[in-house]
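*Asks:* So that you have it, the file is upload37.txt, and it contains compact mmCIF, C-alpha atoms and all ligand atoms:
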```
# COMPACT_ATOMS: atom_id res chain seq x y z
CA MET W 1 126.64 113.37 115.74
CA SER W 2 123.72 111.12 114.77
CA GLU W 3 120.43 111.78 112.99
CA ASP W 4 117.10 109.98 113.48
CA VAL W 5 115.86 108.34 110.25
CA PRO W 6 112.22 107.19 109.87
CA HIS W 7 112.27 103.40 109.83
CA THR W 8 109.05 102.25 108.21
CA THR W 9 107.94 98.69 107.63
CA ILE W 10 104.89 97.80 105.53
CA THR W 11 103.48 94.27 105.49
CA VAL W 12 101.07 93.06 102.79
CA SER W 13 99.20 89.74 102.79
CA VAL W 14 98.30 88.58 99.27
CA PRO W 15 96.10 85.68 98.07
CA ALA W 16 96.86 83.09 95.39
CA LYS W 17 95.15 83.11 91.99
CA THR W 18 93.15 80.44 90.22
CA ASN W 19 91.21 80.49 86.95
CA LEU W 20 87.55 79.42 87.04
CA THR W 21 87.60 79.41 83.24
CA LEU W 22 90.67 79.72 81.02
CA HIS W 23 89.92 79.86 77.30
CA VAL W 24 93.14 79.90 75.27
CA GLY W 25 93.39 81.24 71.72
CA ALA W 26 96.22 81.49 69.22
CA PRO W 27 99.72 82.69 70.12
CA ARG W 28 100.28 86.30 69.00
CA ALA W 29 103.55 87.56 67.53
CA GLN W 30 102.90 91.06 68.90
CA TRP W 31 102.86 89.50 72.39
CA SER W 32 106.13 87.62 71.86
CA GLY W 33 104.21 84.41 71.19
CA ARG W 34 101.94 84.60 74.23
CA HIS W 35 98.45 83.21 73.63
CA GLU W 36 95.25 85.25 73.55
CA LEU W 37 93.23 84.48 76.72
CA ASP W 38 89.70 84.96 77.97
CA THR W 39 89.68 83.94 81.63
CA ILE W 40 87.78 84.42 84.89
CA TYR W 41 90.37 84.98 87.61
CA CYS W 42 89.47 84.20 91.23
CA ALA W 43 91.71 84.86 94.23
CA ILE W 44 91.75 82.20 96.98
CA SER W 45 92.92 82.57 100.57
CA VAL W 46 96.22 80.67 100.33
CA ARG W 47 98.44 83.62 101.19
CA ASP W 48 101.99 84.90 100.98
CA THR W 49 103.15 87.82 103.11
CA VAL W 50 105.61 90.43 101.88
CA THR W 51 107.25 92.92 104.25
CA ALA W 52 109.11 95.94 102.88
CA THR W 53 111.43 97.93 105.13
CA ARG W 54 113.28 101.10 104.20
CA LYS W 55 117.08 100.70 104.27
CA ARG W 56 119.89 103.25 104.58
CA PRO W 57 120.26 105.32 101.36
CA GLY W 58 122.68 103.72 98.89
CA SER W 59 122.72 100.37 100.71
CA GLY W 60 120.79 98.56 97.93
CA PHE W 61 118.09 95.89 98.26
CA SER W 62 117.98 92.68 100.25
CA LEU W 63 115.63 89.67 100.00
CA ALA W 64 114.85 87.02 102.58
CA ILE W 65 112.48 84.14 101.76
CA ASP W 66 110.85 81.80 104.30
CA GLY W 67 108.52 78.86 103.74
CA ASP W 68 108.37 75.09 104.11
CA HIS W 69 107.87 74.31 100.43
CA LEU W 70 110.01 76.67 98.34
CA GLY W 71 110.54 74.36 95.36
CA ASP W 72 113.13 75.77 92.95
CA LEU W 73 113.00 79.14 94.74
CA ALA W 74 115.43 77.84 97.34
CA SER W 75 118.21 77.77 94.73
CA SER W 76 117.10 80.49 92.33
CA ASP W 77 118.86 83.81 91.65
CA LEU W 78 117.47 86.35 94.14
CA ARG W 79 117.70 89.12 91.52
CA ARG W 80 115.23 87.15 89.32
CA ASN W 81 112.71 86.78 92.14
CA HIS W 82 109.39 88.33 91.05
CA ALA W 83 109.24 90.43 94.24
CA VAL W 84 112.66 91.94 93.39
CA LEU W 85 111.65 92.48 89.75
CA ALA W 86 108.61 94.41 91.03
CA LEU W 87 110.82 96.49 93.37
CA PHE W 88 113.10 97.52 90.49
CA ALA W 89 110.18 98.13 88.10
CA LEU W 90 108.44 100.50 90.54
CA ALA W 91 111.75 102.16 91.55
CA GLN W 92 112.29 103.00 87.87
CA ALA W 93 108.68 104.14 87.28
CA ALA W 94 108.66 106.28 90.45
CA GLU W 95 112.30 107.42 90.15
CA ARG W 96 113.18 106.06 93.61
CA GLU W 97 116.24 104.16 94.83
CA PRO W 98 115.60 100.46 95.61
CA ASP W 99 117.11 100.67 99.11
CA VAL W 100 114.53 98.29 100.54
CA ALA W 101 114.69 95.07 102.56
CA LEU W 102 112.09 92.57 101.30
CA HIS W 103 110.98 89.60 103.40
CA VAL W 104 108.72 87.06 101.63
CA GLU W 105 106.92 84.46 103.75
CA LYS W 106 105.48 81.84 101.38
CA THR W 107 102.62 79.42 101.79
CA ILE W 108 101.49 79.59 98.13
CA PRO W 109 102.92 76.45 96.47
CA VAL W 110 105.66 77.32 93.92
CA GLY W 111 105.24 76.61 90.21
CA ALA W 112 101.73 75.37 90.98
CA GLY W 113 99.47 77.40 88.68
CA LEU W 114 98.57 79.63 91.66
CA ALA W 115 100.60 82.68 90.53
CA GLY W 116 102.73 82.69 93.67
CA GLY W 117 105.41 84.76 91.98
CA SER W 118 102.89 87.24 90.59
CA ALA W 119 101.24 87.46 94.01
CA ASP W 120 104.56 88.37 95.66
CA ALA W 121 105.24 90.95 92.95
CA ALA W 122 101.80 92.51 93.52
CA ALA W 123 102.31 92.54 97.29
CA THR W 124 105.67 94.28 96.79
CA LEU W 125 104.06 96.98 94.60
CA LEU W 126 101.30 97.52 97.18
CA ALA W 127 103.80 97.74 100.05
CA LEU W 128 106.11 100.18 98.22
CA ASN W 129 103.14 102.33 97.16
CA THR W 130 102.72 103.06 100.89
CA LEU W 131 106.36 102.84 102.01
CA TRP W 132 107.39 105.46 99.45
CA ASP W 133 104.26 107.59 100.05
CA LEU W 134 103.34 107.27 96.34
CA HIS W 135 99.67 106.41 96.94
CA TRP W 136 99.21 105.72 93.21
CA PRO W 137 95.78 104.34 92.15
CA ILE W 138 95.59 100.59 91.44
CA ALA W 139 95.25 101.24 87.67
CA ARG W 140 98.67 102.94 87.62
CA LEU W 141 100.25 100.10 89.60
CA GLN W 142 98.60 97.63 87.16
CA GLU W 143 100.42 99.35 84.27
CA VAL W 144 103.73 98.57 86.02
CA ALA W 145 102.56 95.02 86.90
CA ALA W 146 101.57 94.24 83.28
CA THR W 147 105.21 94.72 82.22
CA LEU W 148 106.21 91.91 84.61
CA GLY W 149 103.70 89.10 83.85
CA ALA W 150 100.24 88.29 82.52
CA ASP W 151 98.48 87.60 85.81
CA MET W 152 100.27 90.22 87.94
CA PRO W 153 97.70 93.00 87.34
CA PHE W 154 94.94 90.75 88.72
CA CYS W 155 96.97 89.91 91.83
CA LEU W 156 96.84 93.61 92.82
CA THR W 157 93.07 93.51 93.28
CA GLY W 158 92.11 89.91 94.07
CA GLY W 159 88.41 88.98 94.19
CA PHE W 160 86.97 88.03 90.78
CA ALA W 161 88.01 89.55 87.45
CA ARG W 162 87.79 88.83 83.73
CA GLY W 163 91.17 88.77 82.00
CA THR W 164 91.66 89.22 78.25
CA GLY W 165 94.56 90.06 75.95
CA PHE W 166 97.35 87.78 77.15
CA GLY W 167 95.72 87.97 80.58
CA GLU W 168 96.87 91.46 81.48
CA ARG W 169 93.68 93.37 80.51
CA ILE W 170 91.60 93.20 83.67
CA GLU W 171 87.90 93.93 84.12
CA HIS W 172 87.36 93.76 87.88
CA LEU W 173 84.04 92.02 88.74
CA ASP W 174 82.20 93.60 91.69
CA GLU W 175 80.75 91.24 94.28
CA ASP W 176 77.17 92.29 93.40
CA CYS W 177 77.45 92.13 89.60
CA GLU W 178 75.46 89.64 87.53
CA THR W 179 78.53 87.64 86.53
CA VAL W 180 79.61 87.10 90.16
CA ARG W 181 76.06 86.25 91.23
CA ALA W 182 75.97 83.63 88.45
CA LEU W 183 79.38 82.28 89.55
CA ARG W 184 78.15 81.98 93.15
CA ASP W 185 74.93 80.27 91.96
CA ARG W 186 77.12 77.73 90.12
CA GLY W 187 79.10 77.04 93.32
CA TYR W 188 82.27 78.98 92.46
CA ALA W 189 82.59 80.61 95.89
CA GLY W 190 83.03 79.48 99.48
CA ASN W 191 85.26 76.70 100.78
CA VAL W 192 87.85 75.12 98.54
CA LEU W 193 90.57 72.51 98.93
CA VAL W 194 93.87 72.89 97.10
CA GLY W 195 95.62 69.67 96.15
CA ALA W 196 99.30 70.73 96.13
CA TYR W 197 102.34 68.89 94.77
CA ASN W 198 106.09 68.92 95.42
CA ALA W 199 106.48 68.81 91.63
CA GLN W 200 106.28 72.03 89.59
CA LEU W 201 105.11 72.58 86.01
CA SER W 202 106.81 75.14 83.78
CA THR W 203 104.10 77.41 82.40
CA PRO W 204 105.82 77.73 78.99
CA ASP W 205 106.02 73.90 78.80
CA VAL W 206 102.28 73.60 79.49
CA TYR W 207 101.45 76.17 76.80
CA ARG W 208 103.72 74.29 74.36
CA MET W 209 101.92 71.02 75.18
CA PHE W 210 98.60 72.86 74.65
CA ASP W 211 99.82 73.89 71.19
CA GLN W 212 100.37 70.18 70.47
CA ILE W 213 97.24 68.55 71.94
CA GLY W 214 94.71 71.39 72.36
CA ALA W 215 92.00 71.60 75.02
CA GLY W 216 90.18 68.58 76.45
CA ALA W 217 86.53 68.16 75.39
CA GLY W 218 84.35 70.20 77.76
CA ASP W 219 87.28 71.51 79.83
CA ASP W 220 86.68 75.06 81.10
CA ASN W 221 90.47 75.26 81.59
CA HIS W 222 91.93 74.79 78.12
CA LEU W 223 95.36 74.08 79.65
CA GLN W 224 94.02 71.24 81.82
CA ALA W 225 94.59 68.40 79.34
CA ALA W 226 98.16 69.62 78.71
CA ALA W 227 98.89 69.89 82.45
CA ILE W 228 97.50 66.38 83.06
CA ARG W 229 99.54 64.98 80.16
CA LEU W 230 102.66 66.35 81.91
CA HIS W 231 101.45 65.55 85.45
CA PRO W 232 98.89 62.68 85.44
CA ARG W 233 98.32 62.72 89.22
CA SER W 234 96.38 65.98 88.76
CA GLY W 235 93.85 64.18 86.56
CA GLU W 236 93.46 61.37 89.10
CA ALA W 237 92.90 63.95 91.88
CA ILE W 238 90.19 65.69 89.83
CA GLU W 239 88.31 62.43 89.24
CA ALA W 240 88.55 61.46 92.93
CA ALA W 241 87.31 64.89 94.06
CA ILE W 242 84.27 64.76 91.77
CA GLN W 243 83.46 61.21 92.93
CA ALA W 244 83.74 62.40 96.56
CA GLY W 245 81.12 65.08 95.89
CA ALA W 246 83.08 68.21 94.97
CA ARG W 247 80.89 70.72 93.09
CA HIS W 248 83.83 71.57 90.77
CA ALA W 249 87.38 70.21 90.50
CA PHE W 250 89.97 71.36 87.97
CA VAL W 251 93.67 72.08 87.39
CA SER W 252 94.56 75.60 88.54
CA GLY W 253 95.81 77.50 85.48
CA SER W 254 98.96 75.82 84.14
CA GLY W 255 98.98 73.46 87.15
CA PRO W 256 99.83 71.04 88.59
CA SER W 257 97.77 71.98 91.66
CA VAL W 258 94.08 71.01 91.72
CA ILE W 259 91.23 73.15 93.09
CA ALA W 260 88.07 71.48 94.48
CA PHE W 261 85.02 73.52 95.50
CA THR W 262 83.56 71.70 98.51
CA PRO W 263 80.11 73.09 99.47
CA THR W 264 79.84 71.20 102.80
CA ALA W 265 82.23 70.10 105.57
CA ALA W 266 81.31 66.47 104.89
CA ILE W 267 82.25 66.80 101.22
CA ALA W 268 85.50 68.57 102.12
CA GLN W 269 86.37 65.69 104.47
CA ALA W 270 85.49 63.10 101.80
CA VAL W 271 87.65 64.84 99.18
CA ALA W 272 90.64 65.20 101.54
CA GLN W 273 90.35 61.56 102.59
CA ALA W 274 90.11 60.35 98.97
CA TRP W 275 93.21 62.40 98.05
CA GLU W 276 95.26 61.36 101.09
CA ARG W 277 94.22 57.68 101.12
CA ALA W 278 95.35 57.15 97.51
CA ARG W 279 98.23 59.68 97.75
CA LEU W 280 96.82 61.59 94.80
CA VAL W 281 98.26 64.88 96.14
CA ASP W 282 101.28 65.71 98.34
CA ARG W 283 99.50 68.29 100.54
CA VAL W 284 95.92 69.43 101.10
CA ILE W 285 95.41 73.16 101.82
CA ALA W 286 92.00 74.45 102.97
CA ALA W 287 91.02 77.90 101.70
CA HIS W 288 88.04 79.97 100.59
CA ALA W 289 87.08 82.08 97.60
CA PRO W 290 87.13 84.96 96.88
CA ALA W 291 90.00 86.63 98.79
CA TYR W 292 91.69 90.03 98.66
CA PRO W 293 95.14 91.51 99.34
CA HIS W 294 95.46 93.75 102.39
CA ILE W 295 98.04 95.78 104.22
CA THR W 296 98.37 94.09 107.61
CA SER W 297 100.72 96.51 109.31
CA ALA W 298 102.57 99.77 108.84
CA VAL W 299 105.11 100.32 111.58
CA SER W 300 107.07 103.52 111.92
CA THR W 301 109.98 103.71 114.31
CA SER W 302 113.28 105.48 113.88
CA TYR W 303 116.92 104.50 114.06
CA SER W 304 119.96 106.68 114.47
CA VAL W 305 122.35 107.13 111.57
CA ARG W 306 125.82 108.27 112.64
CA GLN W 307 126.80 111.21 110.45
C1 LIG W 401 98.72 80.15 82.94
C2 LIG W 401 98.38 81.43 83.67
C3 LIG W 401 96.87 81.61 83.73
O1 LIG W 401 96.53 82.70 84.54
O2 LIG W 401 98.89 81.49 85.01
P1 LIG W 401 99.60 80.34 85.87
O3 LIG W 401 98.71 79.17 85.90
O4 LIG W 401 100.91 80.04 85.19
O5 LIG W 401 99.78 80.93 87.24
C4 LIG W 401 99.02 82.65 82.97
O6 LIG W 401 98.60 82.71 81.63
C5 LIG W 401 100.55 82.61 83.05
O7 LIG W 401 100.99 83.87 82.62
P2 LIG W 401 102.42 84.38 83.12
O8 LIG W 401 102.43 84.45 84.60
O9 LIG W 401 102.79 85.56 82.34
O10 LIG W 401 103.31 83.15 82.65
P3 LIG W 401 104.82 82.91 83.12
O11 LIG W 401 104.82 81.89 84.21
O12 LIG W 401 105.48 84.22 83.35
O13 LIG W 401 105.40 82.24 81.77
C6 LIG W 401 105.44 83.08 80.66
C7 LIG W 401 105.36 82.15 79.44
O14 LIG W 401 104.10 81.47 79.45
C8 LIG W 401 103.55 81.45 78.11
N1 LIG W 401 102.32 82.26 78.07
C9 LIG W 401 101.97 83.03 79.13
C10 LIG W 401 100.79 83.77 79.05
C11 LIG W 401 100.02 83.70 77.87
N2 LIG W 401 98.88 84.41 77.77
N3 LIG W 401 100.41 82.91 76.82
C12 LIG W 401 101.55 82.20 76.90
O15 LIG W 401 101.91 81.49 75.94
C13 LIG W 401 104.66 82.04 77.22
O16 LIG W 401 105.54 80.98 76.83
C14 LIG W 401 105.38 82.96 78.17
O17 LIG W 401 106.75 83.19 77.79
N1 LIG W 402 108.41 85.14 94.66
C1 LIG W 402 108.24 84.04 93.90
N2 LIG W 402 107.34 83.09 94.27
C2 LIG W 402 107.16 81.97 93.49
N3 LIG W 402 107.83 81.72 92.34
C3 LIG W 402 108.73 82.64 91.96
C4 LIG W 402 108.97 83.84 92.70
N4 LIG W 402 109.91 84.56 92.05
C5 LIG W 402 110.26 83.85 90.96
N5 LIG W 402 109.57 82.69 90.90
C6 LIG W 402 109.71 81.66 89.85
O1 LIG W 402 108.55 81.71 89.01
C7 LIG W 402 108.24 80.41 88.51
C8 LIG W 402 106.74 80.25 88.55
O2 LIG W 402 106.36 80.31 89.90
P1 LIG W 402 104.82 80.58 90.34
O3 LIG W 402 104.43 81.97 89.98
O4 LIG W 402 104.74 80.18 91.79
O5 LIG W 402 103.99 79.50 89.54
P2 LIG W 402 102.89 79.64 88.38
O6 LIG W 402 103.50 80.56 87.34
O7 LIG W 402 102.75 78.24 87.93
O8 LIG W 402 101.67 80.19 88.99
C9 LIG W 402 109.01 79.39 89.39
O9 LIG W 402 109.96 78.72 88.58
C10 LIG W 402 109.71 80.25 90.43
O10 LIG W 402 111.05 79.84 90.64
```
As a first step, turn the structure in this file into structure tokens.
Ligand SMILES: C[C@@](CO)(OP(=O)(O)O)[C@H](O)COP(=O)(O)OP(=O)(O)OC[C@H]1O[C@@H](n2ccc(N)nc2=O)[C@H](O)[C@@H]1O
Ligand SMILES: Nc1ncnc2c1ncn2[C@@H]1O[C@H](COP(=O)(O)OP(=O)(O)O)[C@@H](O)[C@H]1O
*Replies:*
Amino acid sequence: MSEDVPHTTITVSVPAKTNLTLHVGAPRAQWSGRHELDTIYCAISVRDTVTATRKRPGSGFSLAIDGDHLGDLASSDLRRNHAVLALFALAQAAEREPDVALHVEKTIPVGAGLAGGSADAAATLLALNTLWDLHWPIARLQEVAATLGADMPFCLTGGFARGTGFGERIEHLDEDCETVRALRDRGYAGNVLVGAYNAQLSTPDVYRMFDQIGAGAGDDNHLQAAAIRLHPRSGEAIEAAIQAGARHAFVSGSGPSVIAFTPTAAIAQAVAQAWERARLVDRVIAAHAPAYPHITSAVSTSYSVRQ
């Protein structure tokens, strides 16, 4: 005898994160040495997609990862993947079994300062919130996300937000608020180019270099000088982008990737050409800011389970 089991698949598309400003304070013992931050997060439309599918009870989790530039992910322990950590964190918080198949399709460069891991964790939480019929509010999911990483709570909402604490305290910034209007007036919205690298930077290493050399004079990203010290090509790409007319160009978070805000198609072409001609980046990705996560599909079918 067989029984029909609902077979639901939820797919979430999630944007990458950059920091328009990233002011770094002292490390705090109560945060296990993490530094106090005051940052403006901005999500950009370089996206990963996470699909979560219910599996047979007791069969455990599975993870499949696709993408052309997986960096150290290709050889890393699947159980340490941030999407899997999010699955187990929500399973524990919601008292559910993690019998879920996760499929992560990556275009966010890995170890790039774009929070690709945090984005996949956020997408997993959003997918499971529907797959398991939890329908928890974002604030409750953010409590789970904050236990996993500083910029994970922001990745659940996208758009613009101010982050404080070690980055986990989020004040979402509405599109029509004064701060966002001022950001738009200063050219921090619209088309961007991402200068991506095959190389990765370890975020802890960048913070340690920051502790040694501090912030560069006038840098809105206090980690920028440290990231450039460890990955000089990022600094060359920033200079070339500004010379080519970019409104803003900076290292994204702990780097090495570079973000250039390009207000016209001609400037975008000039920046891309300057980067490619002098091989200042390994890949150029066009995107726009801000961007938001969204559920792209929820498919319910059924499959027979032999009793
Ligand atoms: C720098 C930022 C800016 O948004 O993002 P990325 O550029 O890496 O994406 C964040 O602060 C990345 O925070 P988070 O995502 O938790 O960092 P992880 O890669 O998990 O590395 C954690 C390590 O980074 C350092 N760290 C992280 C956050 C913080 N406020 N102070 C720190 O000193 C600590 O050494 C910590 O152990
Ligand atoms: N799903 C994931 N996507 C990207 N990186 C991941 C993921 N899971 C674990 N990681 C690990 O997290 C580290 C940081 O990756 P990532 O979040 O992309 O960069 P950053 O912290 O610089 O924004 C990498 O060493 C990577 O192996």
*Asks:* For ligand LIG 401 (chain W), I'd like the enclosing box, axis-aligned and padded by 8 Å on every side, reported as lines of an AutoDock Vina configuration file with centre and edge lengths in Å to one decimal.
*Replies:*
```
center_x = 101.6
center_y = 82.4
center_z = 81.6
size_x = 26.2
size_y = 22.4
size_z = 27.3
```
*Asks:* May I ask you to write as a PyMOL selection string all residues lying at most 10 Å from ligand LIG 402 (chain W), with only C-alpha atoms and all ligand atoms counted?
*Replies:* chain W and resi 16-18+48+50+65+70-86+104-124+149-152+200-204+206+252-257
*Asks:* Calculate how many Å separate CA of Leu193 in chain W from CA of Ala268 in chain W, rounding to one decimal.
*Replies:*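 For CA of Leu193 in chain W relative to CA of Ala268 in chain W, the distance reads 7.2 Å.
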*Asks:* Which residue is closest to Ala244 in chain W? Choose from W:Gly58, W:Pro27, W:Gly33, W:Pro263 and count only C-alpha atoms.
*Replies:*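 That would be W:Pro263, the residue with the smallest distance to Ala244 in chain W.
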*Asks:* Just give me the gap between CA of Ala217 in chain W and atom N1 of ligand LIG 401 (chain W) in Å, one decimal is fine.
*Replies:*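 Straight-line distance from CA of Ala217 in chain W to atom N1 of ligand LIG 401 (chain W) works out to 21.3 Å.
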*Asks:* Quote the spacing between CA of Val271 in chain W and CA of Gly218 in chain W in Å to one decimal place.
*Replies:*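 Taking CA of Val271 in chain W and CA of Gly218 in chain W, their separation equals 22.3 Å.
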*Asks:* Could you please give me, as a list in words, the residues of protein, DNA or RNA lying at most 10 Å from (100.6, 66.4, 99.5) in the coordinate frame of the file, considering all atoms listed in the file?
*Replies:*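 Checking each residue against the 10 Å limit leaves Val194, Gly195, Ala196, Tyr197, Asn198, Trp275, Glu276, Arg279, Leu280, Val281, Asp282, Arg283, Val284 and Ile285 of chain W.
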*Asks:* Using all atoms listed in the file, which residues sit within 9 Å of Gly214 in chain W once same-chain residues fewer than 5 positions away are excluded, as a tab-separated table (two decimals) with C-alpha atoms, in the frame of the given file?
*Replies:*
```tsv
chain	number	residue	atom	x	y	z
W	209	MET	CA	101.92	71.02	75.18
W	222	HIS	CA	91.93	74.79	78.12
W	223	LEU	CA	95.36	74.08	79.65
W	225	ALA	CA	94.59	68.40	79.34
W	226	ALA	CA	98.16	69.62	78.71
```
*Asks:* Find the residues around Leu37 in chain W up to 9 Å (only C-alpha atoms counted), leave out those fewer than 4 positions away in its own chain, and share them as a PyMOL selection string.
*Replies:* chain W and resi 22-26+163-167
*Asks:* Counting only C-alpha atoms, figure out which residue out of W:Leu126, W:Ala189, W:Ile238, W:Ala246 gets nearest to Ile267 in chain W.
*Replies:* W:Ala246
